[in-house]
Each structure stands twice: as structure tokens, then as C-alpha cells.
$ cat coords-v4.txt   # compact mmCIF, C-alpha atoms
# COMPACT_ATOMS: atom_id res chain seq x y z
CA MET A 1 127.90 130.93 98.99
CA GLN A 2 128.81 128.26 101.52
CA ALA A 3 132.46 127.28 101.47
CA SER A 4 133.47 123.75 100.58
CA ILE A 5 134.42 121.44 103.41
CA ALA A 6 137.82 119.77 103.57
CA VAL A 7 137.52 116.04 104.15
CA ASP A 8 140.13 113.99 105.95
CA LEU A 9 140.51 111.24 103.39
CA GLN A 10 141.76 108.36 105.51
CA PRO A 11 141.58 105.03 103.68
CA ILE A 12 138.50 103.72 105.52
CA VAL A 13 136.68 107.01 104.96
CA GLN A 14 137.50 106.80 101.25
CA TYR A 15 136.26 103.23 101.14
CA LEU A 16 132.93 104.35 102.58
CA LEU A 17 132.75 107.39 100.30
CA ARG A 18 133.14 105.08 97.29
CA ILE A 19 130.00 103.28 98.40
CA GLY A 20 128.01 106.29 99.57
CA ASP A 21 128.94 108.49 96.60
CA THR A 22 128.27 105.76 94.06
CA CYS A 23 124.76 105.36 95.50
CA LEU A 24 124.28 109.13 95.64
CA ILE A 25 125.35 109.99 92.09
CA HIS A 26 123.61 106.91 90.66
CA ALA A 27 120.41 108.04 92.40
CA GLN A 28 120.84 111.55 91.03
CA ARG A 29 121.07 110.19 87.47
CA ILE A 30 118.19 107.76 87.86
CA SER A 31 115.96 110.45 89.32
CA GLU A 32 116.36 112.42 86.10
CA TRP A 33 113.77 110.00 84.72
CA SER A 34 111.12 111.16 87.17
CA GLY A 35 108.40 112.56 84.95
CA HIS A 36 110.21 111.49 81.77
CA ALA A 37 110.28 107.69 81.68
CA PRO A 38 108.72 105.99 78.65
CA ILE A 39 105.88 104.50 80.66
CA LEU A 40 104.31 105.46 83.97
CA GLU A 41 105.31 102.22 85.69
CA GLU A 42 108.97 102.87 84.91
CA ASP A 43 108.69 106.44 86.05
CA ILE A 44 107.55 105.12 89.41
CA ALA A 45 110.12 102.33 89.43
CA MET A 46 112.99 104.72 88.73
CA SER A 47 111.88 107.16 91.42
CA ASN A 48 111.52 104.29 93.90
CA MET A 49 114.98 102.96 93.15
CA ALA A 50 116.49 106.44 93.42
CA LEU A 51 114.86 106.79 96.82
CA ASP A 52 116.33 103.51 98.05
CA LEU A 53 119.77 104.56 96.81
CA ILE A 54 119.56 107.95 98.49
CA GLY A 55 118.55 106.26 101.75
CA GLN A 56 121.53 103.92 101.46
CA SER A 57 123.82 106.83 100.64
CA ARG A 58 122.58 108.86 103.61
CA ALA A 59 123.33 106.02 105.99
CA VAL A 60 126.80 105.37 104.59
CA LEU A 61 127.76 109.06 104.41
CA THR A 62 126.63 109.54 108.00
CA LEU A 63 128.90 106.69 109.03
CA ALA A 64 131.76 108.07 106.91
CA GLY A 65 131.40 111.41 108.69
CA GLN A 66 131.50 109.73 112.10
CA LEU A 67 134.62 107.74 111.25
CA GLU A 68 136.26 110.81 109.73
CA GLY A 69 135.86 112.54 113.10
CA ARG A 70 135.55 116.13 111.94
CA GLY A 71 131.87 116.46 112.73
CA HIS A 72 130.69 116.34 109.11
CA ASP A 73 127.13 115.09 108.69
CA GLU A 74 125.47 113.45 105.68
CA ASP A 75 124.30 116.77 104.22
CA GLN A 76 127.68 118.42 104.44
CA LEU A 77 129.33 115.42 102.84
CA ALA A 78 126.71 115.17 100.09
CA PHE A 79 126.52 118.84 99.22
CA LEU A 80 129.62 120.71 100.28
CA ARG A 81 132.55 118.72 98.98
CA GLN A 82 134.62 119.68 95.98
CA GLU A 83 134.56 117.43 92.95
CA LYS A 84 137.96 115.88 93.67
CA ASP A 85 136.69 114.67 97.05
CA TYR A 86 133.88 112.54 95.59
CA ARG A 87 134.77 108.89 95.24
CA ASN A 88 131.96 107.49 93.07
CA LEU A 89 132.55 105.23 90.10
CA THR A 90 132.78 107.15 86.83
CA MET A 91 130.10 104.89 85.35
CA VAL A 92 127.32 106.41 87.45
CA GLU A 93 128.13 110.00 86.50
CA LEU A 94 127.72 109.44 82.75
CA PRO A 95 124.64 111.23 81.35
CA ARG A 96 121.47 109.22 81.64
CA GLY A 97 121.36 108.44 77.92
CA ASP A 98 118.35 106.67 76.44
CA PHE A 99 116.25 104.11 78.26
CA ALA A 100 118.42 101.23 77.06
CA PHE A 101 121.53 102.90 78.51
CA THR A 102 119.75 103.40 81.82
CA VAL A 103 118.56 99.80 81.92
CA VAL A 104 122.02 98.36 81.26
CA ARG A 105 123.67 100.65 83.79
CA ASN A 106 121.02 99.80 86.38
CA ALA A 107 121.63 96.09 85.84
CA MET A 108 125.39 96.53 86.18
CA MET A 109 125.17 98.70 89.27
CA ALA A 110 122.46 96.71 91.04
CA THR A 111 124.44 93.52 90.48
CA LEU A 112 127.59 95.15 91.86
CA MET A 113 125.82 96.66 94.85
CA LYS A 114 124.01 93.45 95.68
CA LEU A 115 127.30 91.53 95.78
CA LEU A 116 128.96 94.32 97.75
CA TRP A 117 126.16 94.62 100.34
CA GLU A 118 126.16 90.84 100.80
CA ARG A 119 129.80 91.03 101.82
CA LEU A 120 129.41 94.23 103.83
CA HIS A 121 126.76 92.50 105.91
CA GLU A 122 129.71 90.67 107.50
CA SER A 123 131.66 93.88 108.12
CA SER A 124 133.62 94.30 111.34
CA ASN A 125 131.85 97.65 111.63
CA ALA A 126 128.47 96.84 113.17
CA GLU A 127 126.75 99.91 111.74
CA LEU A 128 127.93 99.17 108.20
CA ALA A 129 126.85 95.54 108.60
CA ALA A 130 123.40 96.73 109.70
CA ILE A 131 123.05 99.17 106.78
CA ALA A 132 124.06 96.38 104.40
CA GLY A 133 121.53 93.95 105.90
CA LYS A 134 118.75 96.26 104.80
CA ALA A 135 120.29 97.52 101.55
CA VAL A 136 120.96 94.06 100.14
CA LYS A 137 117.23 93.32 100.04
CA GLU A 138 116.63 96.49 98.07
CA ALA A 139 119.53 95.85 95.69
CA ARG A 140 118.20 92.36 94.92
CA TYR A 141 114.88 93.82 93.92
CA HIS A 142 116.58 96.45 91.74
CA GLN A 143 118.71 93.82 90.06
CA GLN A 144 115.74 91.62 89.27
CA HIS A 145 113.87 94.55 87.80
CA ALA A 146 116.79 95.79 85.70
CA ALA A 147 117.59 92.26 84.50
CA ASP A 148 114.01 91.81 83.30
CA TRP A 149 114.38 94.94 81.19
CA VAL A 150 117.73 93.91 79.71
CA VAL A 151 116.11 90.71 78.50
CA ARG A 152 113.03 92.51 77.28
CA LEU A 153 115.03 94.96 75.19
CA GLY A 154 117.81 92.61 74.15
CA ASP A 155 115.56 89.89 72.82
CA SER A 156 113.23 92.33 71.12
CA THR A 157 112.86 94.53 68.04
CA ASP A 158 115.83 95.57 65.90
CA GLU A 159 115.69 99.09 67.24
CA ALA A 160 115.65 98.01 70.89
CA ARG A 161 118.44 95.56 70.24
CA GLN A 162 120.62 98.11 68.47
CA ARG A 163 120.17 100.54 71.32
CA ILE A 164 120.95 98.07 74.04
CA GLU A 165 124.02 96.75 72.19
CA LYS A 166 125.28 100.31 71.83
CA ALA A 167 124.65 101.01 75.51
CA LEU A 168 126.45 97.83 76.49
CA ARG A 169 129.51 98.73 74.37
CA GLU A 170 129.67 102.25 75.80
CA LEU A 171 129.22 101.19 79.40
CA TRP A 172 131.64 98.29 79.21
CA LEU A 173 134.49 100.80 78.91
CA TYR A 174 133.80 101.77 82.51
CA VAL A 175 133.57 98.25 83.93
CA PRO A 176 137.29 97.69 84.71
CA GLU A 177 137.21 100.51 87.26
CA LEU A 178 134.65 98.59 89.29
CA PHE A 179 137.12 95.85 90.11
CA GLU A 180 140.45 97.63 90.23
CA SER A 181 142.05 97.02 93.56
CA ASP A 182 144.26 99.51 95.35
CA ALA A 183 145.59 100.54 98.76
CA ILE A 184 142.14 101.75 99.88
CA ASP A 185 140.62 98.33 99.25
CA GLU A 186 143.55 96.62 100.93
CA ALA A 187 143.18 98.78 104.03
CA ALA A 188 139.43 98.14 104.26
CA SER A 189 139.92 94.44 103.69
CA ALA A 190 142.70 94.22 106.28
CA ALA A 191 140.50 95.97 108.85
CA GLY A 192 137.60 93.64 108.08
CA ILE A 193 135.48 96.62 107.01
CA GLY A 194 134.62 95.23 103.60
CA PRO A 195 135.85 93.22 100.63
CA ARG A 196 138.33 94.25 98.00
CA TRP A 197 136.07 95.05 95.07
CA THR A 198 138.25 92.90 92.84
CA ASP A 199 136.99 89.91 94.85
CA LEU A 200 133.49 90.60 93.53
CA GLN A 201 134.49 90.43 89.88
CA ALA A 202 134.08 86.72 89.17
CA LYS A 203 130.59 86.57 90.61
CA TRP A 204 129.62 89.84 88.93
CA LEU A 205 130.69 88.55 85.52
CA GLU A 206 128.86 85.29 86.13
CA GLU A 207 125.61 87.08 86.95
CA MET A 208 125.97 89.60 84.12
CA ASP A 209 126.67 86.75 81.70
CA ALA A 210 123.50 85.02 82.87
CA ILE A 211 121.44 88.15 82.23
CA LEU A 212 123.09 88.92 78.89
CA GLY A 213 122.73 85.29 77.86
CA GLU A 214 118.97 85.36 78.41
CA ALA A 215 118.86 88.61 76.46
CA THR A 216 120.80 86.95 73.59
CA LEU A 217 123.47 89.62 74.02
CA GLN A 218 127.23 89.19 74.06
CA ARG A 219 129.58 90.57 76.65
CA PRO A 220 131.85 93.13 74.87
CA ASP A 221 135.64 92.82 74.97
CA ASP A 222 137.54 94.70 77.64
CA ALA A 223 139.27 97.87 76.48
CA ALA A 224 142.53 99.41 77.66
CA PHE A 225 140.78 102.57 78.90
CA ARG A 226 140.57 103.02 82.68
CA SER A 227 138.22 105.46 84.34
CA THR A 228 139.25 106.88 87.72
CA GLY A 229 136.21 108.26 89.58
CA LYS A 230 136.93 106.02 92.57
CA ARG A 231 140.18 107.90 93.02
CA GLY A 232 138.55 111.33 92.75
CA VAL A 233 139.45 112.04 89.12
CA HIS A 234 136.12 112.39 87.38
CA SER A 235 134.73 112.73 83.88
CA GLU A 236 133.65 116.09 82.49
CA HIS A 237 130.05 115.22 83.42
CA MET A 238 130.62 115.32 87.16
CA GLY A 239 130.82 119.11 87.45
CA TYR A 240 127.39 119.51 85.90
CA ILE A 241 125.86 117.02 88.32
CA LEU A 242 127.39 118.78 91.31
CA ALA A 243 126.32 122.20 90.05
CA GLU A 244 122.73 121.01 90.07
CA MET A 245 122.94 118.88 93.19
CA GLN A 246 124.80 121.40 95.34
CA TYR A 247 123.03 124.52 94.18
CA LEU A 248 120.54 124.77 97.03
CA GLN A 249 123.03 124.25 99.87
CA ARG A 250 125.50 126.62 98.29
CA ALA A 251 122.94 129.35 97.65
CA TYR A 252 121.02 128.92 100.91
CA PRO A 253 123.58 127.61 103.41
CA GLY A 254 122.09 125.31 106.02
CA GLY A 255 118.71 125.27 104.29
CA VAL A 256 116.53 122.35 105.36
CA TRP A 257 113.25 120.94 104.11
CA MET B 1 97.86 99.23 136.98
CA ALA B 2 99.68 99.10 133.70
CA THR B 3 103.32 100.17 133.71
CA ARG B 4 104.45 103.22 131.82
CA SER B 5 105.93 101.14 129.03
CA GLU B 6 102.80 98.99 128.75
CA ARG B 7 100.73 102.15 128.38
CA ALA B 8 103.20 103.40 125.77
CA TRP B 9 102.69 100.18 123.78
CA ASP B 10 98.95 100.85 123.83
CA VAL B 11 99.52 104.41 122.59
CA LEU B 12 101.80 103.13 119.82
CA GLY B 13 98.92 100.96 118.64
CA THR B 14 97.12 104.20 117.73
CA VAL B 15 99.99 105.89 115.82
CA LEU B 16 99.30 105.29 112.13
CA ASP B 17 101.84 104.83 109.36
CA PRO B 18 101.51 108.05 107.31
CA GLU B 19 101.85 106.19 103.99
CA VAL B 20 99.72 103.17 104.84
CA PRO B 21 97.24 104.65 107.33
CA ALA B 22 95.46 101.32 107.71
CA LEU B 23 98.32 100.17 109.95
CA SER B 24 99.65 101.39 113.25
CA VAL B 25 103.40 101.46 113.71
CA ARG B 26 102.87 98.56 116.09
CA ASP B 27 100.99 96.49 113.46
CA LEU B 28 103.85 97.23 111.07
CA GLY B 29 106.31 95.66 113.49
CA ILE B 30 108.73 98.58 113.48
CA VAL B 31 108.46 99.19 117.23
CA ARG B 32 111.10 96.84 118.57
CA ASP B 33 111.16 97.87 122.21
CA VAL B 34 109.98 100.39 124.76
CA VAL B 35 112.40 100.88 127.63
CA GLU B 36 111.99 102.94 130.81
CA HIS B 37 115.12 104.86 131.77
CA ASP B 38 114.42 106.68 135.05
CA ASP B 39 112.36 109.64 133.89
CA ARG B 40 112.72 109.07 130.15
CA LEU B 41 111.07 106.56 127.86
CA GLU B 42 113.08 105.10 124.98
CA VAL B 43 111.19 103.88 121.92
CA VAL B 44 113.28 101.67 119.65
CA LEU B 45 112.20 101.79 116.00
CA THR B 46 113.54 99.87 113.01
CA PRO B 47 113.16 101.66 109.66
CA THR B 48 111.35 99.80 106.87
CA TYR B 49 113.20 100.86 103.70
CA SER B 50 116.54 102.72 103.56
CA GLY B 51 114.96 105.61 101.73
CA CYS B 52 111.50 105.54 103.23
CA PRO B 53 110.48 109.20 103.50
CA ALA B 54 107.99 108.35 106.24
CA THR B 55 110.66 107.43 108.79
CA GLU B 56 111.13 110.96 110.11
CA VAL B 57 107.38 111.63 110.18
CA ILE B 58 106.86 108.41 112.15
CA GLU B 59 109.49 109.42 114.72
CA HIS B 60 107.74 112.73 115.17
CA ASP B 61 104.26 111.18 115.41
CA VAL B 62 105.41 108.57 117.93
CA LEU B 63 106.89 111.19 120.24
CA ALA B 64 103.89 113.49 119.88
CA ALA B 65 101.47 110.67 120.78
CA ILE B 66 103.48 109.65 123.82
CA GLU B 67 103.74 113.23 125.06
CA LYS B 68 100.02 113.73 124.51
CA ALA B 69 99.23 110.64 126.59
CA GLY B 70 101.27 112.16 129.41
CA LEU B 71 103.93 109.43 129.20
CA GLY B 72 106.82 111.71 128.20
CA PRO B 73 109.52 112.73 128.13
CA ALA B 74 110.48 110.18 125.48
CA TYR B 75 113.03 109.78 122.73
CA VAL B 76 113.40 107.53 119.70
CA THR B 77 116.37 105.33 118.89
CA LEU B 78 116.73 103.86 115.39
CA GLN B 79 117.93 100.30 115.34
CA ARG B 80 118.98 98.99 111.93
CA ALA B 81 119.91 95.43 112.85
CA PRO B 82 118.29 93.05 112.40
CA ALA B 83 116.78 94.56 109.26
CA TRP B 84 113.03 95.00 109.21
CA THR B 85 111.11 92.32 107.36
CA THR B 86 107.46 92.16 106.37
CA ASP B 87 107.32 88.97 108.47
CA TRP B 88 107.11 91.32 111.46
CA ILE B 89 103.73 92.68 110.35
CA SER B 90 101.23 91.31 112.87
CA ALA B 91 98.32 89.01 111.99
CA GLU B 92 96.06 91.89 112.96
CA GLY B 93 98.05 94.17 110.63
CA ARG B 94 97.65 91.73 107.74
CA ARG B 95 93.91 91.59 108.28
CA LYS B 96 93.71 95.41 108.33
CA LEU B 97 95.76 95.67 105.13
CA PHE B 98 93.46 93.25 103.34
CA GLU B 99 90.37 95.14 104.48
CA TYR B 100 91.97 98.40 103.39
CA GLY B 101 92.39 96.98 99.86
CA ILE B 102 96.10 96.17 99.98
CA ALA B 103 97.06 92.53 99.54
CA PRO B 104 99.30 91.61 102.50
CA PRO B 105 102.79 90.18 101.92
CA GLY B 106 103.52 86.48 101.82
CA PRO B 107 106.56 85.10 103.67
CA ALA B 108 109.74 87.11 103.04
CA PRO B 109 112.35 85.38 100.87
CA ASP B 110 114.95 83.74 103.06
CA GLY B 111 118.48 84.94 102.34
CA ALA B 112 120.02 85.12 98.90
CA VAL B 113 117.59 84.69 96.04
CA PRO B 114 119.11 83.81 92.69
CA ILE B 115 117.95 86.11 89.92
CA ARG B 116 115.41 84.40 87.76
CA ILE B 117 114.63 85.70 84.32
CA PHE B 118 112.30 83.17 82.76
CA GLY B 119 109.99 80.67 84.35
CA ARG B 120 109.61 82.96 87.29
CA LYS B 121 106.41 82.18 89.05
CA ALA B 122 104.83 85.21 90.59
CA ASP B 123 103.67 84.89 94.18
CA THR B 124 100.02 84.00 94.50
CA VAL B 125 98.41 87.22 95.58
CA ILE B 126 94.77 87.17 96.59
CA CYS B 127 92.62 90.04 95.37
CA PRO B 128 91.53 92.05 98.43
CA ARG B 129 88.29 93.03 96.69
CA CYS B 130 86.85 89.72 95.49
CA GLY B 131 89.17 87.12 97.02
CA SER B 132 90.21 85.60 93.68
CA LYS B 133 93.67 84.06 93.31
CA ASN B 134 93.57 84.86 89.60
CA THR B 135 95.67 88.03 89.69
CA GLU B 136 98.65 89.43 87.81
CA ARG B 137 101.36 91.94 88.52
CA LEU B 138 101.20 95.21 86.61
CA SER B 139 104.23 96.93 88.02
CA ALA B 140 107.09 95.93 90.30
CA PHE B 141 106.94 99.29 92.05
CA GLY B 142 103.98 101.20 93.42
CA SER B 143 103.06 104.48 95.04
CA THR B 144 105.46 103.80 97.91
CA ALA B 145 108.64 101.75 98.21
CA CYS B 146 106.85 98.99 100.07
CA LYS B 147 104.19 98.21 97.45
CA SER B 148 103.76 96.85 93.92
CA MET B 149 100.76 97.09 91.60
CA TYR B 150 98.47 94.19 90.73
CA ARG B 151 95.28 93.57 88.80
CA CYS B 152 92.59 91.00 89.45
CA ILE B 153 91.66 89.02 86.36
CA ALA B 154 88.37 87.93 87.94
CA CYS B 155 86.88 91.23 89.11
CA ARG B 156 89.09 93.43 86.90
CA GLU B 157 89.99 95.77 89.73
CA PRO B 158 93.54 97.03 90.21
CA PHE B 159 94.98 96.81 93.70
CA GLU B 160 98.22 97.21 95.62
CA HIS B 161 100.34 94.46 97.11
CA PHE B 162 102.64 94.92 100.08
CA LYS B 163 105.94 93.44 98.83
CA PRO B 164 107.45 90.68 100.97
CA ILE B 165 110.95 91.76 101.94
$ encode --input "coords-v4.txt" --output "C-alpha cells"
Amino acid sequence: MQASIAVDLQPIVQYLLRIGDTCLIHAQRISEWSGHAPILEEDIAMSNMALDLIGQSRAVLTLAGQLEGRGHDEDQLAFLRQEKDYRNLTMVELPRGDFAFTVVRNAMMATLMKLLWERLHESSNAELAAIAGKAVKEARYHQQHAADWVVRLGDSTDEARQRIEKALRELWLYVPELFESDAIDEAASAAGIGPRWTDLQAKWLEEMDAILGEATLQRPDDAAFRSTGKRGVHSEHMGYILAEMQYLQRAYPGGVW
Amino acid sequence: MATRSERAWDVLGTVLDPEVPALSVRDLGIVRDVVEHDDRLEVVLTPTYSGCPATEVIEHDVLAAIEKAGLGPAYVTLQRAPAWTTDWISAEGRRKLFEYGIAPPGPAPDGAVPIRIFGRKADTVICPRCGSKNTERLSAFGSTACKSMYRCIACREPFEHFKPI
């Protein structure tokens, strides 16, 4: 078994890991629909979106490794870290749930990522700005697609509506984490690397409200609960994802396609 | 006598995209520059989609073709900015796509596009089989990241559309 790598978690590296890991774990969950989606078109859509997210994650993790300065590449960062060193949002590690849950989560994440990439396109780091310039186009397409589905299910049959309302209530518990600001965000913002995520909140709520409004759904109330994946403290689901995702590199160290 | 880089451009016009083999990498507009550095040739490529699995194959094919033409040694540099857009597909490339049965992309959306839920008018996509404008989208995503699925109402044939991005 290949040993875990120790990552030098400087603030800027953590800021990038939050982005790269969120894309990576989100892609891992979405790809669970490959071969299982309710209709063929969605099977293809989900696989396509997962592919975009993995591409974005690869680029950001590569950059994180360069800035970290310990010679870690994208594969080592993706597959050889311990759970506590992942910095993804807790929301993306939750089990895939039913199709309604997936659709709501996709809409939330695509909206967040679109707003984030738009800002990162102005990053003081030229490579990050370049990655964002490409990724924002993909995120826009994902958001449009997910939003169409939220409306389709929300303003639909009783069963679809019940499911999407339930998904919305469950996922909303994990929304505050998206916009919690901390020292990592402050450091990245001060260095001109990227925005504080809290600065994306107003626009995110505005766009989510627009989607939910069309779907005749109501935004749930905020709860007191705070998830902490961004700080490396994950839900019980994370270990299972890593076990599956890391298996190959752990069992066959250095294995390549 | 053509220079080494001019000959390389000609060679690149014969390297096909592995996922859309109707187009050369040059038609696709991903070859941004060919630069001669003393004995080595630098080919600057811009990837299409972040997760496009063809990127690595294309790099390999480009180098193999240049070596084979006796223009090596060469190496590839990936340039992300400015981001690739379907507007870079050449007129020749668009014609080839259409003949191959893939509807070419219209102009790429300029900057931020507000999300539209209702009243969204689909782009007019012309059926590459019968030329009708009476077509509808079946699926936002297709067999590769760069395409979506359409159907022609007039001739009833399904076809692919290269998404403008």
C-alpha cells in the first residue's frame, strides 16, 4: 500500500484545494449515475458534467501542487491524501440520493462554481485566471441544465414535487458552509488570488431564488447546523468515497492508464 | 521553399481530432502557434474542454505526425488563455462538420449569459442531412463534451450539433 502524502497546508494551497477538491468529489458523486440515470440523455449529461469537473479539478490540483512546492502532482493530491487533508464542501460528499437530490445539488453547485469561476478569472495568479476562463463556460452550461430540471421536477407531479422539496430541505442544511468566511479566504482575497466566498452569497441567493421561483418552490429557512468539510472535518460519508476513489493508487502504487 | 514552421502547419492540417475525425486540429482552431527554437519546434495547443479526454491523444498525434514528416524534434505547450472558443473553428472546418453530419456551432455567447428558464429560444440549427431549419434539441449533452443531440422535424433524422462555447 502506498503511504499517504503530507501536504503543506499554506492558506493559498488550502484555498485552491477547496476548489479542486469540491470539483473532484462532486464529480465522483455525479459519476455514480453513469449507467444508472433514469433516462439515457441524463446518463450522458451526468457523465459529461463529471468529466468537465474532473478536468477542472486536475488543473486546479496541479496548480495547488506547484504552489505548495513539495513536488506533488495532481494524481498524488487526488489519490494519496488522508481524509483530513481534503478541503471540499461537505455538501458534495453526501450520498447521491435520488434524482431530485442530485438535480438540486447540481443546481446549487453549478451556480456557486459559475460565480466563483467568474471572479477567479480576474485572479492575480495567471494560471488560475486561465483555468477559470475555460471553466466558467462549462459551469454556465451545467447551471442551465440543472436549473431546467429543478423547474421540471418542482412544477410537476405530486411525487416529483415531494421529492424535490425533501431534497431542498436536506441540502439547505449544508448551504451556510458555502459562504462562511475565514482566515483562508482572507489570505486569498488579500493576495488577489480569489474572492472571499462570502462575497458570492448575495448573487448566489438571487440566482437560486430565480430558479426556485420558476419551479414554484420556496427557499427553506437557514438552520443553526454548520458543516465543516472546507476545514477538513468531513461527514461520515467521506471515508467511503475515498476508499473507492483511492483504491487503485493505494493497491497499485504509481499505476497509470 | 517553405520554412520548417510553415511545413509543420501543413502537417497539422492532416492530424485529425480523434473524437471528431472530420476535423483536423488546425480546422478546430486549437493550434495557436508554431515556433522554431533553434533545433526544436514548439507547437502551442489550447485545450477545448477542461475534461476533454482527447487532449492527451491529440498531443501525441501532433508530435508523431511532425516527427514522421521529418520536422522534429518537437514539443507541445498547452496554453489555456485565452480560452478556446468554437469561434476559432475555421470556415473550412464548419463546412467539413456539416458534410460529416454534425451541425456546426453558431457564434459563441459573448460573456456572461443570464440563466433563462422559460421563453428560452433555442438556437436555429440547420439539419445537416436535409438543410431544414425545423429542428429541435433532444439532449443538452451528446457523445462527447462538445456536442448536443438534435432531431430534424422535416426529415426525421437525428443528428449532432457542435455546441457554441
$ atom_distance --input "coords-v4.txt" --atom1 "CA of Leu63 in chain A" --atom2 "CA of Ala135 in chain A"
14.6 Å
$ residues_near_point --input "coords-v4.txt" --point "(110.9, 96.3, 118.9)" --cutoff "8 Å" --atoms "only C-alpha atoms" --output "mmCIF file with C-alpha atoms, in the frame of the given file"
data_model
loop_
_atom_site.group_PDB
_atom_site.id
_atom_site.type_symbol
_atom_site.label_atom_id
_atom_site.label_comp_id
_atom_site.auth_asym_id
_atom_site.auth_seq_id
_atom_site.Cartn_x
_atom_site.Cartn_y
_atom_site.Cartn_z
ATOM 1 C CA GLY B 29 106.310 95.660 113.490
ATOM 2 C CA ILE B 30 108.730 98.580 113.480
ATOM 3 C CA VAL B 31 108.460 99.190 117.230
ATOM 4 C CA ARG B 32 111.100 96.840 118.570
ATOM 5 C CA ASP B 33 111.160 97.870 122.210
ATOM 6 C CA VAL B 34 109.980 100.390 124.760
ATOM 7 C CA VAL B 44 113.280 101.670 119.650
ATOM 8 C CA LEU B 45 112.200 101.790 116.000
ATOM 9 C CA THR B 46 113.540 99.870 113.010
#
$ residues_around --input "coords-v4.txt" --residues "Ala154 in chain B" --least-positions-apart "6" --cutoff "8 Å" --atoms "all atoms listed in the file" --output "MDAnalysis selection string"
chainID B and resid 130 132 134:135
$ residues_around --input "coords-v4.txt" --residues "Glu36 in chain B" --least-positions-apart "3" --cutoff "8 Å" --atoms "all atoms listed in the file" --output "PyMOL selection string"
chain B and resi 4-5+39-42
$ closest_residue --input "coords-v4.txt" --among "A:Arg18, A:Arg81, A:Arg58, A:Lys134" --to "Gln249 in chain A" --atoms "all atoms listed in the file"
A:Arg81
$ residues_near_point --input "coords-v4.txt" --point "(127.4, 116.8, 97.8)" --cutoff "12 Å" --atoms "only C-alpha atoms" --output "ChimeraX atom specification"
/A:4-5,7,17,20-25,28,54,57-58,61,72-88,238-239,241-250
$ closest_residue --input "coords-v4.txt" --among "B:Met1, B:Ala54, B:Ala8, B:Leu28" --to "Gly70 in chain B" --atoms "all atoms listed in the file"
B:Ala8
$ interface_residues --input "coords-v4.txt" --of "chain B" --to "chain A" --cutoff "8 Å" --atoms "all atoms listed in the file" --output "ChimeraX atom specification"
/B:49-52,80-84,113,115-117,139-145,165
$ closest_residue --input "coords-v4.txt" --among "B:Thr48, B:Gln79, B:Ser24, B:Ser148" --to "Glu92 in chain B" --atoms "all atoms listed in the file"
B:Ser24
$ atom_distance --input "coords-v4.txt" --atom1 "CA of Thr216 in chain A" --atom2 "CA of Ala107 in chain A"
15.3 Å
$ residues_around --input "coords-v4.txt" --residues "Asp185 in chain A" --least-positions-apart "4" --cutoff "8 Å" --atoms "only C-alpha atoms" --output "list in words"
Tyr15, Ser181, Ser189, Pro195, Arg196 and Trp197 of chain A
$ closest_residue --input "coords-v4.txt" --among "A:Ala110, A:Ala183, A:Leu173, A:Val256" --to "Ala224 in chain A" --atoms "all atoms listed in the file"
A:Leu173
$ closest_residue --input "coords-v4.txt" --among "A:Met109, A:Leu120, A:Gln66, A:Glu32" --to "Leu89 in chain A" --atoms "only C-alpha atoms"
A:Met109
$ atom_distance --input "coords-v4.txt" --atom1 "CA of Lys230 in chain A" --atom2 "CA of Leu67 in chain A"
18.9 Å
$ residues_around --input "coords-v4.txt" --residues "Asp27 in chain B" --least-positions-apart "2" --cutoff "6 Å" --atoms "only C-alpha atoms" --output "list in words"
Leu23, Ser24, Val25, Gly29, Ile89, Ser90 and Gly93 of chain B
$ closest_residue --input "coords-v4.txt" --among "A:Ser235, A:Gln2, A:Thr102, A:Ser34" --to "Lys166 in chain A" --atoms "all atoms listed in the file"
A:Thr102
